[in-house]
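Novice: I have a structure here, written as structure tokens, and I will follow up with some questions on it.
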Amino acid sequence: MPSPTDAPRDRPIPLVVDLDGTLIRTDLLWESLARLLRRNPFWLFAVLCWWTRGRAFLKKKLAARVTIDPATLPFNEPFLAFLRGQKGAGRKLVLATASDLQMALPVAHHVGLFDEVLASDGRTNLRARNKLQTLVAKFGQHGFDYAGNSSVDLAVWRGAREAIVVNASRALAERAARCAKPGPVFVENYRPLATLRSVLNELFIRSGYLLALLAGLALASAFPKIGMAGLAWVAPALLVFAARNKSGGDAFRAGYVAGLALWLASLYWLLLMPVAGLPILAWLAMGAYLALYPAMWTWLVSRPARRDTQPPSWFDRLQWSLCGAAVWVALEMVRARLFGGFPWNFIGVSQFILVPLIQIASVTSVYGVSFVVVWTSLLLYSAARAIVAKPAALFAWQAEMLLPLVLIVLLFAAGWTRTKSEGPPGPALRVTLVQPSIPQTMIWNESVNSNRFQQLLALSENALTNQTDLLLWPESAVPEFDDAAYAAITNLVRTRRVWLIFNADDNLPKLHPTAQEPFDSFNAAFLFNPQGKCAGIYHKRKLVAFGEYIPLARWLPFLKWFTPISGGYEAGGKPAEFPLEPPLQTAPLICFEDTFPPLARESAENGVDFLVNLTNDGWFGDSAEQWQHLANAVFRAVENGLPLVRCCNNGVSCWIDAHGRVREILRDKTGGVYGAGVLTFRLPLQNHAPPTFYNRHGDWFGWTCVGIAAFWIAARVLRRA
């Protein structure tokens, strides 16, 4: 039987052509992967699973889900002209590619030159040696010429008669010439990064994901520790730009990418918790959940910009920006309440250092600052579009930015006036904060409980003088509130004649006790008077999920495996006022309760003179968490017009005046805020200061924004119907 090499000499041997990087200046595997991830980034998890079963299986799965129009592919035109000449001379052309057959066939049909297509089939990846074996079996050793572009093709060239090098470096052409007879070379316009550029353009530029990532990281950078507050004014505009001219799903996904960038960057400190397994799970879960809010906002706000057939009028753009800001605030209201609430790092919180501006929070809560920032950013987007549309009009942006600029100037002027106005002076209180800086790894080590409690007492004894009126210890400072601790505490306050507020567990008998759970445990704040008597107890009302209680533990008991706590706390039912020397009284907040505006407002009622927050931020090392917590707490002081004293385990222990100015911060011996130390200061109080508008009326502004957002969304739905 004659072999394939015995073919008549007047019949040209077949020319076998590679597809990826040769016929086209890109790679269908990466193009399809980029398009799939552009459509939905969460396909990445499925892609990783497919990849474990081999490249051929991955390509088949991608081909079943992604359709690429061959007309949009970047063909290598000089080489394509060469192929047309070969076809015209009567030569057989074979397309042999590692891409899946379902992807290769449309390209072959579009080109219209190939007599046969060989490709991967889901089991065999037609690449390198696999391709060589297939071609030799079909045409014989050296019974074909081969056109390729990469070092992977060297294995094929060794079995070919002639090596045609396309879209490759001169060095590769020289190596190919040592494998087979040198053929035509098409390397003049070689671009080694063409595929990478095409994939990145598809995955990040056309999808809007790159701009969305920048928007999310910009907003994360607006919060401490970076604290570039000005970035919060441009981040929403960047997000709208990222979703411009996108479908609803694409806009949502762009917003979700921005949300992931925002929350995974700003909550990185969750990874610092000294617990195995829980930190990474909490970080990813919180990021995935919180990213839904910017995704929903982007989807809602970007849709009018895509659907308008006529350029919107100035009034339409103003209405859109106002409604967009209201939707942002409405989503913050939802986030503060849904699943127990997580009102951390509202966009308005990023402006906490702009004391005159944030005085609006005494009327609207922090939501008013969020509204102004987002509204201004959306009009900044409109101004940028106006400049692009009319580049010759130097002042096209003025019509868009005039109103927000006037409002900001008025807010600064009114806020500056408010910070300069003080009520009649009242009594002053000498307060001492103790920051023990206890490592969290010591909390579960009972052998060191006595030692660390003695260190706490020693810090307190060294700091106290007869001039101190109130002593504060942070959350988790007292290891165990047993008889020995009770005796030490009562002895300290009686000897020093000082009021003491501290945190410890409070165990009360259950109404219906069981052998396993005879008590209800509360995370509590205690007030002891100078006579050594307990004068007040407050039970924490907002508990930390997976830290103080396990959500759905009754129905999903396996969730206990992901948390270090063995039991759980009960939530308190009401605020508490701690009476000091008449007529003074304070109200305690524990842990992140000072991030909840309504909760702090309830605590600030009934003639309270100042607020106290006891917290343990030592879970998160020496990170940005402590500063972000402080930024959130600033607004509780402004909203209620009351000073706020913060006593923390490892920072930031300080006091904030009624206008949100951080007055004195506890510094350790190195000048940092994370080490052990004490701070004594004079806390000035106003005599019968009138309650703020927000303190009297609550979240009226936030609920108004919820109503506006609901009406706007309903109107759009009805208009679409």
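If you're wondering about the labels, chains in the structure tokens are A, B, ... by order shown, residues count from 1 in each chain, ligands from 1 in order shown.
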Using only C-alpha atoms, what table do you get, as JSON lines, when you list each residue of range 419-504 of chain A with an atom no more than 10 Å from range 524-535 of chain A, its nearest pair of atoms, and their distance in Å rounded to one decimal, rows by chain then rising number?
Specialist:
{"residue": "A:Asp469", "atom": "CA", "partner": "A:Pro530", "partner_atom": "CA", "distance": 9.2}
{"residue": "A:Leu470", "atom": "CA", "partner": "A:Asn529", "partner_atom": "CA", "distance": 9.3}
{"residue": "A:Leu471", "atom": "CA", "partner": "A:Phe528", "partner_atom": "CA", "distance": 9.9}
{"residue": "A:Leu472", "atom": "CA", "partner": "A:Leu527", "partner_atom": "CA", "distance": 9.6}
{"residue": "A:Trp473", "atom": "CA", "partner": "A:Ala525", "partner_atom": "CA", "distance": 9.9}
{"residue": "A:Pro474", "atom": "CA", "partner": "A:Ala525", "partner_atom": "CA", "distance": 9.6}
{"residue": "A:Glu475", "atom": "CA", "partner": "A:Ala525", "partner_atom": "CA", "distance": 8.4}
{"residue": "A:Tyr486", "atom": "CA", "partner": "A:Gly532", "partner_atom": "CA", "distance": 9.4}
{"residue": "A:Ala487", "atom": "CA", "partner": "A:Gly532", "partner_atom": "CA", "distance": 9.2}
{"residue": "A:Ile489", "atom": "CA", "partner": "A:Gly532", "partner_atom": "CA", "distance": 7.7}
{"residue": "A:Thr490", "atom": "CA", "partner": "A:Gly532", "partner_atom": "CA", "distance": 4.5}
{"residue": "A:Asn491", "atom": "CA", "partner": "A:Gly532", "partner_atom": "CA", "distance": 7.1}
{"residue": "A:Leu492", "atom": "CA", "partner": "A:Gly532", "partner_atom": "CA", "distance": 8.3}
{"residue": "A:Val493", "atom": "CA", "partner": "A:Pro530", "partner_atom": "CA", "distance": 5.1}
{"residue": "A:Arg494", "atom": "CA", "partner": "A:Pro530", "partner_atom": "CA", "distance": 5.1}
{"residue": "A:Thr495", "atom": "CA", "partner": "A:Pro530", "partner_atom": "CA", "distance": 8.1}
{"residue": "A:Arg496", "atom": "CA", "partner": "A:Pro530", "partner_atom": "CA", "distance": 7.6}
{"residue": "A:Arg497", "atom": "CA", "partner": "A:Pro530", "partner_atom": "CA", "distance": 4.6}
{"residue": "A:Val498", "atom": "CA", "partner": "A:Pro530", "partner_atom": "CA", "distance": 4.9}
{"residue": "A:Trp499", "atom": "CA", "partner": "A:Asn529", "partner_atom": "CA", "distance": 4.8}
{"residue": "A:Leu500", "atom": "CA", "partner": "A:Phe528", "partner_atom": "CA", "distance": 5.2}
{"residue": "A:Ile501", "atom": "CA", "partner": "A:Leu527", "partner_atom": "CA", "distance": 4.6}
{"residue": "A:Phe502", "atom": "CA", "partner": "A:Phe526", "partner_atom": "CA", "distance": 5.5}
{"residue": "A:Asn503", "atom": "CA", "partner": "A:Ala525", "partner_atom": "CA", "distance": 4.5}
{"residue": "A:Ala504", "atom": "CA", "partner": "A:Ala524", "partner_atom": "CA", "distance": 5.6}
Novice: I'd like to know which residues of range 434-646 of chain A are helix (DSSP H, G or I) (by DSSP, run on the backbone); could you write them as a PyMOL selection string?
Specialist: chain A and resi 440-442+446-463+483-496+557-562+591-595+597-603+618-620+625-640
Novice: I'd like the neighbourhood of range 117-131 of chain A as number ranges by chain, where a residue qualifies if any of its atoms comes within 6 Å (using only C-alpha atoms), though same-chain residues fewer than 2 positions away should be ignored.
Specialist: A: 56-57, 60, 94-101, 133-134, 152-153, 155
Novice: Given the selection you just returned, output its residues as a file containing N, CA and C atoms, formatted as a PDB file, in the first residue's frame.
Specialist:
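Generated output (again12.pdb):
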ATOM      1  N   ALA A  56      -9.083  20.497  27.210  1.00  0.00           N
ATOM      2  CA  ALA A  56     -10.068  20.130  26.197  1.00  0.00           C
ATOM      3  C   ALA A  56     -11.482  20.217  26.765  1.00  0.00           C
ATOM      4  N   PHE A  57     -11.669  19.738  27.989  1.00  0.00           N
ATOM      5  CA  PHE A  57     -12.983  19.806  28.632  1.00  0.00           C
ATOM      6  C   PHE A  57     -13.383  21.259  28.874  1.00  0.00           C
ATOM      7  N   LYS A  60     -14.513  22.895  25.629  1.00  0.00           N
ATOM      8  CA  LYS A  60     -15.835  22.435  25.217  1.00  0.00           C
ATOM      9  C   LYS A  60     -16.927  23.141  26.016  1.00  0.00           C
ATOM     10  N   VAL A  94      -6.011  22.829   5.443  1.00  0.00           N
ATOM     11  CA  VAL A  94      -6.579  22.177   6.624  1.00  0.00           C
ATOM     12  C   VAL A  94      -6.383  23.097   7.824  1.00  0.00           C
ATOM     13  N   LEU A  95      -7.450  23.354   8.526  1.00  0.00           N
ATOM     14  CA  LEU A  95      -7.370  24.139   9.762  1.00  0.00           C
ATOM     15  C   LEU A  95      -7.231  23.165  10.922  1.00  0.00           C
ATOM     16  N   ALA A  96      -6.102  23.198  11.610  1.00  0.00           N
ATOM     17  CA  ALA A  96      -5.836  22.305  12.751  1.00  0.00           C
ATOM     18  C   ALA A  96      -5.570  23.157  13.976  1.00  0.00           C
ATOM     19  N   THR A  97      -6.453  23.086  14.953  1.00  0.00           N
ATOM     20  CA  THR A  97      -6.378  24.010  16.082  1.00  0.00           C
ATOM     21  C   THR A  97      -6.660  23.303  17.399  1.00  0.00           C
ATOM     22  N   ALA A  98      -6.092  23.865  18.462  1.00  0.00           N
ATOM     23  CA  ALA A  98      -6.372  23.361  19.807  1.00  0.00           C
ATOM     24  C   ALA A  98      -7.693  23.892  20.341  1.00  0.00           C
ATOM     25  N   SER A  99      -8.287  24.862  19.653  1.00  0.00           N
ATOM     26  CA  SER A  99      -9.606  25.345  20.057  1.00  0.00           C
ATOM     27  C   SER A  99     -10.638  24.256  19.840  1.00  0.00           C
ATOM     28  N   ASP A 100     -11.759  24.364  20.531  1.00  0.00           N
ATOM     29  CA  ASP A 100     -12.809  23.369  20.396  1.00  0.00           C
ATOM     30  C   ASP A 100     -13.430  23.448  19.003  1.00  0.00           C
ATOM     31  N   LEU A 101     -13.907  22.308  18.515  1.00  0.00           N
ATOM     32  CA  LEU A 101     -14.466  22.226  17.168  1.00  0.00           C
ATOM     33  C   LEU A 101     -15.634  23.194  16.988  1.00  0.00           C
ATOM     34  N   GLN A 133       0.722  13.938  16.203  1.00  0.00           N
ATOM     35  CA  GLN A 133       0.299  12.557  15.996  1.00  0.00           C
ATOM     36  C   GLN A 133      -0.907  12.480  15.066  1.00  0.00           C
ATOM     37  N   THR A 134      -1.840  13.383  15.228  1.00  0.00           N
ATOM     38  CA  THR A 134      -3.025  13.389  14.364  1.00  0.00           C
ATOM     39  C   THR A 134      -2.652  13.677  12.917  1.00  0.00           C
ATOM     40  N   VAL A 152       5.130  26.176  21.059  1.00  0.00           N
ATOM     41  CA  VAL A 152       4.389  24.923  21.144  1.00  0.00           C
ATOM     42  C   VAL A 152       4.351  24.230  19.785  1.00  0.00           C
ATOM     43  N   ASP A 153       4.391  25.034  18.721  1.00  0.00           N
ATOM     44  CA  ASP A 153       4.316  24.472  17.368  1.00  0.00           C
ATOM     45  C   ASP A 153       5.622  23.837  16.907  1.00  0.00           C
ATOM     46  N   ALA A 155       7.014  21.249  18.061  1.00  0.00           N
ATOM     47  CA  ALA A 155       6.793  19.802  18.012  1.00  0.00           C
ATOM     48  C   ALA A 155       6.127  19.400  16.708  1.00  0.00           C
TER      49      ALA A 155
END
Novice: Would you pick out the contacts of range 574-577 of chain A at 8 Å or less, using only C-alpha atoms, so that residues sharing its chain but fewer than 3 positions from it are not included, and give the list as an MDAnalysis selection string?
Specialist: chainID A and resid 536:539 541 585:588 602:603 608
Novice: Please save C-alpha atoms of the selected residues as a PDB file, in the first residue's frame.
Specialist:
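Okay, part_37.pdb is ready:
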ATOM      1  CA  GLY A 536     -26.720  50.881  86.698  1.00  0.00           C
ATOM      2  CA  ILE A 537     -26.590  48.002  84.209  1.00  0.00           C
ATOM      3  CA  TYR A 538     -26.988  48.141  80.446  1.00  0.00           C
ATOM      4  CA  HIS A 539     -27.389  45.101  78.206  1.00  0.00           C
ATOM      5  CA  ARG A 541     -28.809  45.542  72.107  1.00  0.00           C
ATOM      6  CA  GLN A 585     -26.056  61.347  83.525  1.00  0.00           C
ATOM      7  CA  THR A 586     -24.564  59.396  80.656  1.00  0.00           C
ATOM      8  CA  ALA A 587     -25.667  56.547  78.410  1.00  0.00           C
ATOM      9  CA  PRO A 588     -23.438  53.609  77.421  1.00  0.00           C
ATOM     10  CA  GLU A 602     -32.562  56.430  71.715  1.00  0.00           C
ATOM     11  CA  SER A 603     -29.705  56.340  74.202  1.00  0.00           C
ATOM     12  CA  VAL A 608     -28.368  62.525  78.849  1.00  0.00           C
TER      13      VAL A 608
END
Novice: Using only C-alpha atoms, which residues sit within 12 Å of range 386-391 of chain A once same-chain residues fewer than 6 positions away are excluded, as a PyMOL selection string?
Specialist: chain A and resi 311-314+317+379-380+397-401
Novice: DSSP on the backbone, strand (DSSP E) only: what residues of range 281-465 of chain A does that give? Format it as a count of residues only.
Specialist: 11
Novice: Which residue out of A:Arg39, A:Lys87, A:Arg53, A:Arg25 has the minimum interatomic distance to Pro74 in chain A when only C-alpha atoms are used?
Specialist: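 So, comparing all the options, the nearest one is A:Arg25.
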Novice: Show which residues sit within 6 Å of Ala229 in chain A, as a PyMOL selection string. Count only C-alpha atoms, and ignore same-chain residues fewer than 3 positions away.
Specialist: chain A and resi 222+232+350-351
Novice: I need the residue nearest Asn462 in chain A from this list: A:Thr419, A:Thr680, A:Asn507, A:Gln626. Use only C-alpha atoms for the distance.
Specialist: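 Checking each candidate against Asn462 in chain A, we get A:Thr680 as the closest.
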Novice: Rounded to one decimal place, report the CA of Cys591 in chain A-CA of Tyr293 in chain A distance in Å.
Specialist: 24.3 Å
Novice: Between CA of Phe578 in chain A and CA of Val673 in chain A, what is the distance in Å, rounded to a tenth?
Specialist: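 We find that CA of Phe578 in chain A and CA of Val673 in chain A lie 27.7 Å from each other.
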Novice: Write out as a list in words which residues come within 9 Å of range 479-481 of chain A when counting only C-alpha atoms, dropping same-chain ones fewer than 4 positions away.
Specialist: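 Once the nearby chain positions are removed, what remains is Ile443, Glu446, Asn449, Ser450, Arg452, Phe453, Ala485, Tyr486, Ala504, Asp505 and Asp506 of chain A.
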Novice: Here is a test: counting only C-alpha atoms, which residue of A:Val257, A:Leu219, A:Leu331, A:Ala163 is nearest to Phe204 in chain A?
Specialist: A:Val257
Novice: What is the distance, in Å and to one decimal place, between CA of Val612 in chain A and CA of Ala484 in chain A?
Specialist: 26.0 Å
Novice: Which is closer to Gly415 in chain A than all the others in A:Gln359, A:Ser370, A:Asn616, A:Gln686, using only C-alpha atoms?
Specialist: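 Closest to Gly415 in chain A, using only C-alpha atoms: A:Gln359.
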Novice: Using only C-alpha atoms, find the one residue out of A:Met273, A:Ala624, A:Gln440, A:Val187 that sits nearest to Ser221 in chain A.
Specialist: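 Selected residue with least distance to Ser221 in chain A: A:Ala624.
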